[in-house]
Structure formats: structure tokens, C-alpha cells
Amino acid sequence: MTTNFVAERTATGSLRIASVPSTHVYVRHLRPPDGPSPFVHLPDPDPDHPSRSTTSTWWPPVMLRPEWAATADFDVFHVQFGFDACSPEDLQRLVDVLRERGKPLVLTAHDLRNPHHPTPQLHDEQLGVLITAADAVVTLTEGAAAQIRRRWDREAIVLPHPHVVELDTMARLRRERAARDTDEFRVGVHIKSLRESMDPFPVLEVLDETLAGLPGAVLQVNGHRDVLDADGARRDDELARWLEQKAAAGRIDLRVHDFLPDDQLWEYLASLDVAVLPYRFGTHSGWLEACRDLGTTVVAPTCGFYADQGPVLSYGFDESHFDAESLRDAVRFAHAARPDHGADVDERRAQRIAVSRAHEELYRRLLS
């Protein structure tokens, strides 16, 4: 059911998309890089003051509240992230409201396994509600689409992840990388605040041993203060002590800090030759896409669909096994070959335009 107002807007103007959320970099880069956008994303309501929009704090997402969806003015409701804040029952109530209003529901399935949850059951139930009810399901890779088909008997539209780093920043940092004159080989592991999906210890032990035998190799480990500081709220004593000992011995370049703003984060990633993802479960990675933007080689585990996102070096790691030798082989190959598995600025610009057009076509088809 589509009102005349929505039909007219669909034919002649920008569509209003209730994207959950709208401020996430993935969502922002669904709009074209230049010129007017055929659709606009409604601003995220402030969780503390739902009548006001916010530019930074969007979680827990107000848009997922059934009472918000019951009265807001939008054409299409598009769920991207944040539904882990809702029970399956709450999501079903949201779906019922959208159906009553005749509003199309789109789900982009970024995570088929929630990286913050120790077990898959709750996320499976949340996905089950949304995938079953959605008028269209989008995902990022063919591997994820195959799993959606197998588990829920739904055909997902596969659209690649657009660039993460802004195009002008990407171009500058790639120029700076090309101008570097050094024999150093810097391998980074970013443990952040230790999501449930992360298991860095076996990865770090192998990297410490392997890089010790490679000329010019440096192992850099970045972590957040809550995990590594002596008084950190989520300090991991065993990991922190191991890192501190290795750093004191000159074996690891240890960087402990709070959340990095984007400009510092991109500088850091661009300074690495290789980024190793220490995940034992997962689906897709925006971190991987940022590394590809900057020409940093990614060594990714075989869990999830990281290798479907773009060229990476793989090593065996999931919830049931860890293949140390495959990690050694990947790092040694990267040291010898110095591959560039990234995408250049022109490729990323063209990809973003194509992804934006595909979303416009999907929205208009659902409203026609």
C-alpha cells in the first residue's frame, strides 16, 4: 500500500529512508560521492531525546522502537545495524507496525554471527524475524548469500561494501605510502576492546615467533586502555602481562590508547604493511575494507566470508581449530612479495556509484 504522496515522491524526488542507523560510515557511503542523492537518510533520533536528531550517539536505535515507526514520515525502512538492542519480540512488533502502515522493510545482513555475542542463539532469533519479514534482503558477499539461502530460504541481493576511508584521504595516504623509503615490514594486530569474536593470544604468539626471523619485521599491537591498563575496567591480566613483557624485551611495539578518531585511525592503518585479523568467528569486516582502501595487506581467518570481500591472505582460524602454519606461511609470503590487494580511488568511486544506484533501484522497485 503506497500513498499518492509517496508515489509522487518516488517518481520525482528524493526518497526518505529510515536507515538504522544513518550516521554509520557504511550508510553514508551508500549515497553517491558527488552531486545530489536520489535518497536521503533520516537523521538518527537521540536515544535520550527521541524528538531530536543526533550526529554521534545513535545506540540503542530509536528508529527500532515500534512507537517511532508508527508515526514517522519515511518511504522505506532499512535495517543495517543495532538490532542487537532489541528482543525478537520487540522486532516482531516493529515488523507488525511496518506491515500495518504498508512500509517496505529492507534488511542488510552484515553479520550472520554477532561478533559481540559469545553464542549465536539470540542473534539467530533476531535475524530470523527480520529475514523472514523483509521485503528485500541485501548482503555483502556471495558466501553470505549462500548461507542465507540455506538457512532461511531467501535470495539475498549481493552488493559489495563501499569504501570506508574518504576518497581524498585515501588518495593522500596512498601517495604517502608510495613515497615511503624503508625496508621495515610492519605487521599490526588491533585488539581494541576484545570483542567476543577475538582470540588474539594464539595469533600473537605465532607472529612473535615468525617475525623474529624476518629482516626488518616489526610486530605492532594496539589495544584499548580498558583491556590493557592496570586499572582497566575489562583488563585481561594474562594478555596484558604477556604484551608488557614482550614490549619490555623489545619484541613488540605496544600502543595503548583510547578510541582513535578517524584521522588517526587511517594514519595508523596506512603505516602498516600487514594487518592480521584475530577473529575466531564473524561474517564481514569494515576494518578489512579500510585496509583495502589504504593498500594495507589483510591476513584474515577462514571463518566468515572475509575472503569474499576482496583479495586477502588467509589462515585457518575458527571456533574449532587454529592453523599456526598457515598463519606463518601468509606472513612470510607477505614479507617476500609485499602484495597490494587494495582498491584504488577510481575503483572505489565507481563501486560507490554502482552501489548507490542499486539501492535506489531497489527502493523504487519496492515502492512501485
# chains A, B, ... in the order shown; residues from 1 in each chain; ligands from 1
call {"tool": "closest_atom_pairs", "arguments": {"of": "segment 278-335 of chain A", "to": "segment 145-163 of chain A", "cutoff": "7 Å", "atoms": "only C-alpha atoms", "output": "tab-separated table"}}
result
residue	atom	partner	partner_atom	distance
A:Glu289	CA	A:His163	CA	6.4
A:Ala290	CA	A:His163	CA	6.8
A:Asp293	CA	A:His163	CA	6.4
call {"tool": "select_by_dssp", "arguments": {"residues": "segment 94-166 of chain A", "states": "helix (DSSP H, G or I)", "output": "PyMOL selection string"}}
result
chain A and resi 94-101+121-133+142-152
call {"tool": "residues_around", "arguments": {"residues": "Lys192 of chain A", "least_positions_apart": "6", "cutoff": "10 Å", "atoms": "only C-alpha atoms", "output": "list in words"}}
result
Met198, Val221, Asn222, Gly223, His224, Arg225, Asp226, Val227, Leu228, Val256, His257, Asp258, Phe259 and Leu260 of chain A
call {"tool": "write_last_selection", "arguments": {"atoms": "C-alpha atoms", "output": "tab-separated table (two decimals), in the first residue's frame"}}
result
chain	number	residue	atom	x	y	z
A	198	MET	CA	38.55	-12.02	19.11
A	221	VAL	CA	49.93	-4.30	18.82
A	222	ASN	CA	47.31	-1.65	19.52
A	223	GLY	CA	44.79	-2.07	22.30
A	224	HIS	CA	42.38	-0.02	24.35
A	225	ARG	CA	43.02	1.07	27.91
A	226	ASP	CA	40.01	-0.77	29.30
A	227	VAL	CA	41.69	-4.08	28.43
A	228	LEU	CA	45.39	-3.32	28.91
A	256	VAL	CA	47.79	1.51	24.42
A	257	HIS	CA	45.20	4.22	23.87
A	258	ASP	CA	41.52	5.04	23.87
A	259	PHE	CA	39.27	5.01	20.83
A	260	LEU	CA	41.09	6.63	17.89
call {"tool": "closest_residue", "arguments": {"among": "A:Val189, A:His335, A:Asp73, A:Ala171", "to": "Glu347 of chain A", "atoms": "only C-alpha atoms"}}
result
A:Ala171
call {"tool": "closest_atom_pairs", "arguments": {"of": "segment 141-239 of chain A", "to": "segment 271-274 of chain A", "cutoff": "10 Å", "atoms": "only C-alpha atoms", "output": "CSV"}}
result
residue,atom,partner,partner_atom,distance
A:Leu173,CA,A:Ser271,CA,9.1
A:Glu176,CA,A:Ser271,CA,9.5
A:Arg177,CA,A:Ser271,CA,7.6
A:Arg180,CA,A:Ser271,CA,9.7
A:Glu184,CA,A:Asp273,CA,8.8
A:Phe185,CA,A:Asp273,CA,6.1
A:Arg186,CA,A:Leu272,CA,5.2
A:Val187,CA,A:Val274,CA,4.7
A:Gly188,CA,A:Val274,CA,6.2
A:Val189,CA,A:Val274,CA,8.8
A:Ala217,CA,A:Asp273,CA,9.9
A:Val218,CA,A:Leu272,CA,9.6
A:Leu219,CA,A:Leu272,CA,9.7
A:Gln220,CA,A:Leu272,CA,8.6
call {"tool": "closest_residue", "arguments": {"among": "A:Arg195, A:His110, A:His123, A:Arg328", "to": "Gln309 of chain A", "atoms": "only C-alpha atoms"}}
result
A:His110
call {"tool": "select_by_dssp", "arguments": {"residues": "segment 220-352 of chain A", "states": "strand (DSSP E or B)", "output": "list in words"}}
result
Gln220, Val221, Asn222, Gly223, His224, Asp253, Leu254, Arg255, Val256, His257, Val274, Ala275, Val276, Tyr279, Thr297, Val298, Val299, Ala300, Pro301, Leu313, Ser314, Tyr315, Phe317 and Phe322 of chain A
call {"tool": "closest_residue", "arguments": {"among": "A:Gly82, A:Pro38, A:Pro261, A:Pro21", "to": "Glu360 of chain A", "atoms": "only C-alpha atoms"}}
result
A:Pro38
call {"tool": "residues_around", "arguments": {"residues": "Ala70 of chain A", "least_positions_apart": "6", "cutoff": "8 Å", "atoms": "only C-alpha atoms", "output": "list in words"}}
result
Val97, Leu98 and Arg101 of chain A
call {"tool": "write_last_selection", "arguments": {"atoms": "all heavy atoms", "output": "PDB file, in the first residue's frame"}}
result
ATOM      1  N   VAL A  97       4.098  -3.235  12.889  1.00  0.00           N
ATOM      2  CA  VAL A  97       3.792  -1.824  12.640  1.00  0.00           C
ATOM      3  C   VAL A  97       4.067  -1.463  11.182  1.00  0.00           C
ATOM      4  O   VAL A  97       3.261  -0.787  10.524  1.00  0.00           O
ATOM      5  CB  VAL A  97       4.607  -0.923  13.586  1.00  0.00           C
ATOM      6  CG1 VAL A  97       4.570   0.532  13.118  1.00  0.00           C
ATOM      7  CG2 VAL A  97       4.083  -1.031  15.007  1.00  0.00           C
ATOM      8  N   LEU A  98       5.202  -1.896  10.662  1.00  0.00           N
ATOM      9  CA  LEU A  98       5.547  -1.585   9.270  1.00  0.00           C
ATOM     10  C   LEU A  98       4.534  -2.195   8.313  1.00  0.00           C
ATOM     11  O   LEU A  98       4.149  -1.560   7.308  1.00  0.00           O
ATOM     12  CB  LEU A  98       6.957  -2.096   8.958  1.00  0.00           C
ATOM     13  CG  LEU A  98       8.101  -1.429   9.738  1.00  0.00           C
ATOM     14  CD1 LEU A  98       9.423  -2.120   9.436  1.00  0.00           C
ATOM     15  CD2 LEU A  98       8.197   0.057   9.401  1.00  0.00           C
ATOM     16  N   ARG A 101       1.341  -0.199   8.246  1.00  0.00           N
ATOM     17  CA  ARG A 101       1.478   1.073   7.534  1.00  0.00           C
ATOM     18  C   ARG A 101       1.798   0.877   6.040  1.00  0.00           C
ATOM     19  O   ARG A 101       1.841   1.853   5.292  1.00  0.00           O
ATOM     20  CB  ARG A 101       2.587   1.925   8.163  1.00  0.00           C
ATOM     21  CG  ARG A 101       2.296   2.366   9.578  1.00  0.00           C
ATOM     22  CD  ARG A 101       3.299   3.426  10.015  1.00  0.00           C
ATOM     23  NE  ARG A 101       3.156   4.659   9.252  1.00  0.00           N
ATOM     24  CZ  ARG A 101       4.036   5.658   9.250  1.00  0.00           C
ATOM     25  NH1 ARG A 101       5.142   5.556   9.986  1.00  0.00           N
ATOM     26  NH2 ARG A 101       3.838   6.746   8.539  1.00  0.00           N
TER      27      ARG A 101
END
call {"tool": "closest_residue", "arguments": {"among": "A:Arg113, A:Arg174, A:His78, A:Arg234", "to": "His359 of chain A", "atoms": "only C-alpha atoms"}}
result
A:His78
call {"tool": "residues_around", "arguments": {"residues": "Phe201 of chain A", "least_positions_apart": "2", "cutoff": "12 Å", "atoms": "only C-alpha atoms", "output": "JSON, numbers by chain"}}
result
{"A": [189, 190, 191, 194, 198, 199, 203, 204, 205, 206, 207, 208, 221, 236, 238, 239, 240, 241, 242, 243, 277, 278, 279, 280, 322, 324]}
call {"tool": "closest_residue", "arguments": {"among": "A:Ala275, A:Val106, A:Leu313, A:Asp323", "to": "Ala337 of chain A", "atoms": "only C-alpha atoms"}}
result
A:Leu313
call {"tool": "residues_around", "arguments": {"residues": "segment 85-94 of chain A", "least_positions_apart": "4", "cutoff": "12 Å", "atoms": "only C-alpha atoms", "output": "number ranges by chain"}}
result
A: 20, 47, 58-70, 77, 79, 81, 98-101, 103, 105, 114, 116-117, 121-134
call {"tool": "residues_around", "arguments": {"residues": "Arg357 of chain A", "least_positions_apart": "2", "cutoff": "10 Å", "atoms": "only C-alpha atoms", "output": "MDAnalysis selection string"}}
result
chainID A and resid 30:32 37:38 351:355 359:363
call {"tool": "write_last_selection", "arguments": {"atoms": "N, CA and C atoms", "output": "mmCIF file, in the first residue's frame"}}
result
data_model
loop_
_atom_site.group_PDB
_atom_site.id
_atom_site.type_symbol
_atom_site.label_atom_id
_atom_site.label_comp_id
_atom_site.auth_asym_id
_atom_site.auth_seq_id
_atom_site.Cartn_x
_atom_site.Cartn_y
_atom_site.Cartn_z
ATOM 1 N N LEU A 30 26.532 4.854 1.037
ATOM 2 C CA LEU A 30 25.543 4.345 0.090
ATOM 3 C C LEU A 30 25.017 5.467 -0.797
ATOM 4 N N ARG A 31 25.211 6.698 -0.371
ATOM 5 C CA ARG A 31 24.830 7.825 -1.226
ATOM 6 C C ARG A 31 25.974 8.110 -2.199
ATOM 7 N N PRO A 32 25.686 8.656 -3.382
ATOM 8 C CA PRO A 32 26.752 8.881 -4.367
ATOM 9 C C PRO A 32 27.789 9.862 -3.856
ATOM 10 N N SER A 37 21.750 13.263 -4.119
ATOM 11 C CA SER A 37 21.439 11.855 -3.875
ATOM 12 C C SER A 37 19.979 11.584 -4.202
ATOM 13 N N PRO A 38 19.677 10.434 -4.804
ATOM 14 C CA PRO A 38 18.273 10.096 -5.101
ATOM 15 C C PRO A 38 17.496 9.692 -3.858
ATOM 16 N N GLN A 351 32.673 1.960 -7.722
ATOM 17 C CA GLN A 351 31.910 0.986 -6.938
ATOM 18 C C GLN A 351 30.828 1.674 -6.112
ATOM 19 N N ARG A 352 31.167 2.789 -5.505
ATOM 20 C CA ARG A 352 30.186 3.501 -4.674
ATOM 21 C C ARG A 352 29.023 3.998 -5.524
ATOM 22 N N ILE A 353 29.304 4.506 -6.703
ATOM 23 C CA ILE A 353 28.229 4.956 -7.592
ATOM 24 C C ILE A 353 27.316 3.792 -7.944
ATOM 25 N N ALA A 354 27.918 2.635 -8.255
ATOM 26 C CA ALA A 354 27.123 1.460 -8.627
ATOM 27 C C ALA A 354 26.270 0.973 -7.455
ATOM 28 N N VAL A 355 26.838 0.958 -6.259
ATOM 29 C CA VAL A 355 26.093 0.511 -5.088
ATOM 30 C C VAL A 355 24.952 1.478 -4.779
ATOM 31 N N HIS A 359 20.862 0.595 -4.778
ATOM 32 C CA HIS A 359 19.932 0.859 -3.677
ATOM 33 C C HIS A 359 18.743 1.696 -4.143
ATOM 34 N N GLU A 360 19.014 2.703 -4.978
ATOM 35 C CA GLU A 360 17.893 3.494 -5.495
ATOM 36 C C GLU A 360 16.917 2.613 -6.269
ATOM 37 N N GLU A 361 17.465 1.759 -7.135
ATOM 38 C CA GLU A 361 16.590 0.871 -7.931
ATOM 39 C C GLU A 361 15.790 -0.055 -7.027
ATOM 40 N N LEU A 362 16.423 -0.569 -5.965
ATOM 41 C CA LEU A 362 15.705 -1.443 -5.044
ATOM 42 C C LEU A 362 14.580 -0.691 -4.349
ATOM 43 N N TYR A 363 14.855 0.488 -3.830
ATOM 44 C CA TYR A 363 13.837 1.267 -3.123
ATOM 45 C C TYR A 363 12.661 1.591 -4.045
#
call {"tool": "closest_residue", "arguments": {"among": "A:Leu15, A:Val331, A:Leu294, A:Ala300", "to": "Arg175 of chain A", "atoms": "only C-alpha atoms"}}
result
A:Leu294
call {"tool": "decode", "arguments": {"residues": "segment 236-251 of chain A", "atoms": "all heavy atoms", "output": "PDB file, in the first residue's frame"}}
result
ATOM      1  N   ASP A 236      42.429  -7.752  30.762  1.00  0.00           N
ATOM      2  CA  ASP A 236      42.746  -9.161  30.579  1.00  0.00           C
ATOM      3  C   ASP A 236      44.164  -9.363  31.103  1.00  0.00           C
ATOM      4  O   ASP A 236      45.148  -9.044  30.431  1.00  0.00           O
ATOM      5  CB  ASP A 236      42.655  -9.527  29.098  1.00  0.00           C
ATOM      6  CG  ASP A 236      42.861 -11.007  28.828  1.00  0.00           C
ATOM      7  OD1 ASP A 236      43.812 -11.574  29.400  1.00  0.00           O
ATOM      8  OD2 ASP A 236      42.103 -11.592  28.041  1.00  0.00           O
ATOM      9  N   ASP A 237      44.277  -9.874  32.337  1.00  0.00           N
ATOM     10  CA  ASP A 237      45.573  -9.938  33.008  1.00  0.00           C
ATOM     11  C   ASP A 237      46.589 -10.757  32.224  1.00  0.00           C
ATOM     12  O   ASP A 237      47.745 -10.338  32.059  1.00  0.00           O
ATOM     13  CB  ASP A 237      45.416 -10.531  34.412  1.00  0.00           C
ATOM     14  CG  ASP A 237      44.887  -9.516  35.415  1.00  0.00           C
ATOM     15  OD1 ASP A 237      45.172  -8.317  35.242  1.00  0.00           O
ATOM     16  OD2 ASP A 237      44.191  -9.919  36.353  1.00  0.00           O
ATOM     17  N   GLU A 238      46.200 -11.912  31.764  1.00  0.00           N
ATOM     18  CA  GLU A 238      47.154 -12.783  31.078  1.00  0.00           C
ATOM     19  C   GLU A 238      47.682 -12.135  29.805  1.00  0.00           C
ATOM     20  O   GLU A 238      48.889 -12.087  29.557  1.00  0.00           O
ATOM     21  CB  GLU A 238      46.498 -14.131  30.752  1.00  0.00           C
ATOM     22  CG  GLU A 238      47.456 -15.129  30.106  1.00  0.00           C
ATOM     23  CD  GLU A 238      46.776 -16.436  29.746  1.00  0.00           C
ATOM     24  OE1 GLU A 238      45.524 -16.478  29.715  1.00  0.00           O
ATOM     25  OE2 GLU A 238      47.501 -17.405  29.463  1.00  0.00           O
ATOM     26  N   LEU A 239      46.772 -11.612  28.996  1.00  0.00           N
ATOM     27  CA  LEU A 239      47.176 -10.975  27.747  1.00  0.00           C
ATOM     28  C   LEU A 239      48.004  -9.725  28.022  1.00  0.00           C
ATOM     29  O   LEU A 239      49.049  -9.500  27.389  1.00  0.00           O
ATOM     30  CB  LEU A 239      45.941 -10.612  26.927  1.00  0.00           C
ATOM     31  CG  LEU A 239      46.181  -9.852  25.621  1.00  0.00           C
ATOM     32  CD1 LEU A 239      47.032 -10.672  24.661  1.00  0.00           C
ATOM     33  CD2 LEU A 239      44.841  -9.479  24.973  1.00  0.00           C
ATOM     34  N   ALA A 240      47.549  -8.894  28.965  1.00  0.00           N
ATOM     35  CA  ALA A 240      48.264  -7.652  29.255  1.00  0.00           C
ATOM     36  C   ALA A 240      49.676  -7.931  29.748  1.00  0.00           C
ATOM     37  O   ALA A 240      50.640  -7.266  29.330  1.00  0.00           O
ATOM     38  CB  ALA A 240      47.481  -6.832  30.281  1.00  0.00           C
ATOM     39  N   ARG A 241      49.839  -8.899  30.647  1.00  0.00           N
ATOM     40  CA  ARG A 241      51.179  -9.210  31.158  1.00  0.00           C
ATOM     41  C   ARG A 241      52.099  -9.721  30.049  1.00  0.00           C
ATOM     42  O   ARG A 241      53.270  -9.348  29.977  1.00  0.00           O
ATOM     43  CB  ARG A 241      51.084 -10.239  32.288  1.00  0.00           C
ATOM     44  CG  ARG A 241      50.617  -9.652  33.613  1.00  0.00           C
ATOM     45  CD  ARG A 241      50.929 -10.589  34.766  1.00  0.00           C
ATOM     46  NE  ARG A 241      50.302 -11.895  34.582  1.00  0.00           N
ATOM     47  CZ  ARG A 241      49.098 -12.218  35.059  1.00  0.00           C
ATOM     48  NH1 ARG A 241      48.406 -11.326  35.743  1.00  0.00           N
ATOM     49  NH2 ARG A 241      48.604 -13.423  34.874  1.00  0.00           N
ATOM     50  N   TRP A 242      51.562 -10.556  29.178  1.00  0.00           N
ATOM     51  CA  TRP A 242      52.370 -11.090  28.069  1.00  0.00           C
ATOM     52  C   TRP A 242      52.838  -9.956  27.154  1.00  0.00           C
ATOM     53  O   TRP A 242      54.013  -9.889  26.785  1.00  0.00           O
ATOM     54  CB  TRP A 242      51.552 -12.118  27.289  1.00  0.00           C
ATOM     55  CG  TRP A 242      52.317 -12.858  26.231  1.00  0.00           C
ATOM     56  CD1 TRP A 242      53.031 -14.011  26.391  1.00  0.00           C
ATOM     57  CD2 TRP A 242      52.435 -12.503  24.844  1.00  0.00           C
ATOM     58  NE1 TRP A 242      53.588 -14.401  25.195  1.00  0.00           N
ATOM     59  CE2 TRP A 242      53.242 -13.487  24.235  1.00  0.00           C
ATOM     60  CE3 TRP A 242      51.947 -11.456  24.071  1.00  0.00           C
ATOM     61  CZ2 TRP A 242      53.557 -13.451  22.877  1.00  0.00           C
ATOM     62  CZ3 TRP A 242      52.262 -11.410  22.723  1.00  0.00           C
ATOM     63  CH2 TRP A 242      53.061 -12.401  22.135  1.00  0.00           C
ATOM     64  N   LEU A 243      51.924  -9.068  26.816  1.00  0.00           N
ATOM     65  CA  LEU A 243      52.276  -7.947  25.949  1.00  0.00           C
ATOM     66  C   LEU A 243      53.286  -7.025  26.618  1.00  0.00           C
ATOM     67  O   LEU A 243      54.238  -6.550  25.980  1.00  0.00           O
ATOM     68  CB  LEU A 243      51.015  -7.163  25.577  1.00  0.00           C
ATOM     69  CG  LEU A 243      50.048  -7.853  24.605  1.00  0.00           C
ATOM     70  CD1 LEU A 243      48.744  -7.067  24.517  1.00  0.00           C
ATOM     71  CD2 LEU A 243      50.668  -8.020  23.233  1.00  0.00           C
ATOM     72  N   GLU A 244      53.088  -6.753  27.903  1.00  0.00           N
ATOM     73  CA  GLU A 244      54.024  -5.879  28.621  1.00  0.00           C
ATOM     74  C   GLU A 244      55.425  -6.486  28.661  1.00  0.00           C
ATOM     75  O   GLU A 244      56.425  -5.778  28.493  1.00  0.00           O
ATOM     76  CB  GLU A 244      53.489  -5.630  30.030  1.00  0.00           C
ATOM     77  CG  GLU A 244      52.253  -4.724  30.060  1.00  0.00           C
ATOM     78  CD  GLU A 244      51.441  -4.868  31.340  1.00  0.00           C
ATOM     79  OE1 GLU A 244      51.879  -5.634  32.237  1.00  0.00           O
ATOM     80  OE2 GLU A 244      50.368  -4.237  31.436  1.00  0.00           O
ATOM     81  N   GLN A 245      55.509  -7.794  28.879  1.00  0.00           N
ATOM     82  CA  GLN A 245      56.815  -8.459  28.911  1.00  0.00           C
ATOM     83  C   GLN A 245      57.486  -8.409  27.542  1.00  0.00           C
ATOM     84  O   GLN A 245      58.691  -8.141  27.438  1.00  0.00           O
ATOM     85  CB  GLN A 245      56.648  -9.901  29.379  1.00  0.00           C
ATOM     86  CG  GLN A 245      56.272 -10.034  30.846  1.00  0.00           C
ATOM     87  CD  GLN A 245      55.823 -11.434  31.216  1.00  0.00           C
ATOM     88  OE1 GLN A 245      55.830 -12.348  30.388  1.00  0.00           O
ATOM     89  NE2 GLN A 245      55.421 -11.620  32.475  1.00  0.00           N
ATOM     90  N   LYS A 246      56.725  -8.674  26.502  1.00  0.00           N
ATOM     91  CA  LYS A 246      57.288  -8.650  25.145  1.00  0.00           C
ATOM     92  C   LYS A 246      57.714  -7.231  24.772  1.00  0.00           C
ATOM     93  O   LYS A 246      58.749  -7.036  24.118  1.00  0.00           O
ATOM     94  CB  LYS A 246      56.274  -9.186  24.138  1.00  0.00           C
ATOM     95  CG  LYS A 246      55.980 -10.679  24.282  1.00  0.00           C
ATOM     96  CD  LYS A 246      57.195 -11.519  23.928  1.00  0.00           C
ATOM     97  CE  LYS A 246      56.893 -13.002  24.026  1.00  0.00           C
ATOM     98  NZ  LYS A 246      58.064 -13.840  23.656  1.00  0.00           N
ATOM     99  N   ALA A 247      56.918  -6.245  25.153  1.00  0.00           N
ATOM    100  CA  ALA A 247      57.273  -4.856  24.855  1.00  0.00           C
ATOM    101  C   ALA A 247      58.547  -4.467  25.586  1.00  0.00           C
ATOM    102  O   ALA A 247      59.431  -3.800  25.025  1.00  0.00           O
ATOM    103  CB  ALA A 247      56.126  -3.929  25.221  1.00  0.00           C
ATOM    104  N   ALA A 248      58.673  -4.881  26.858  1.00  0.00           N
ATOM    105  CA  ALA A 248      59.873  -4.558  27.636  1.00  0.00           C
ATOM    106  C   ALA A 248      61.112  -5.203  27.037  1.00  0.00           C
ATOM    107  O   ALA A 248      62.224  -4.644  27.130  1.00  0.00           O
ATOM    108  CB  ALA A 248      59.684  -5.007  29.080  1.00  0.00           C
ATOM    109  N   ALA A 249      60.929  -6.355  26.408  1.00  0.00           N
ATOM    110  CA  ALA A 249      62.055  -7.054  25.781  1.00  0.00           C
ATOM    111  C   ALA A 249      62.346  -6.549  24.371  1.00  0.00           C
ATOM    112  O   ALA A 249      63.262  -7.056  23.709  1.00  0.00           O
ATOM    113  CB  ALA A 249      61.774  -8.552  25.752  1.00  0.00           C
ATOM    114  N   GLY A 250      61.563  -5.583  23.884  1.00  0.00           N
ATOM    115  CA  GLY A 250      61.774  -5.045  22.547  1.00  0.00           C
ATOM    116  C   GLY A 250      61.244  -5.910  21.438  1.00  0.00           C
ATOM    117  O   GLY A 250      61.568  -5.702  20.263  1.00  0.00           O
ATOM    118  N   ARG A 251      60.381  -6.865  21.775  1.00  0.00           N
ATOM    119  CA  ARG A 251      59.843  -7.783  20.759  1.00  0.00           C
ATOM    120  C   ARG A 251      58.563  -7.245  20.125  1.00  0.00           C
ATOM    121  O   ARG A 251      58.196  -7.669  19.023  1.00  0.00           O
ATOM    122  CB  ARG A 251      59.546  -9.146  21.401  1.00  0.00           C
ATOM    123  CG  ARG A 251      60.739  -9.845  21.999  1.00  0.00           C
ATOM    124  CD  ARG A 251      61.470 -10.649  20.958  1.00  0.00           C
ATOM    125  NE  ARG A 251      60.665 -11.721  20.414  1.00  0.00           N
ATOM    126  CZ  ARG A 251      61.105 -12.971  20.297  1.00  0.00           C
ATOM    127  NH1 ARG A 251      62.314 -13.298  20.729  1.00  0.00           N
ATOM    128  NH2 ARG A 251      60.349 -13.901  19.743  1.00  0.00           N
TER     129      ARG A 251
END
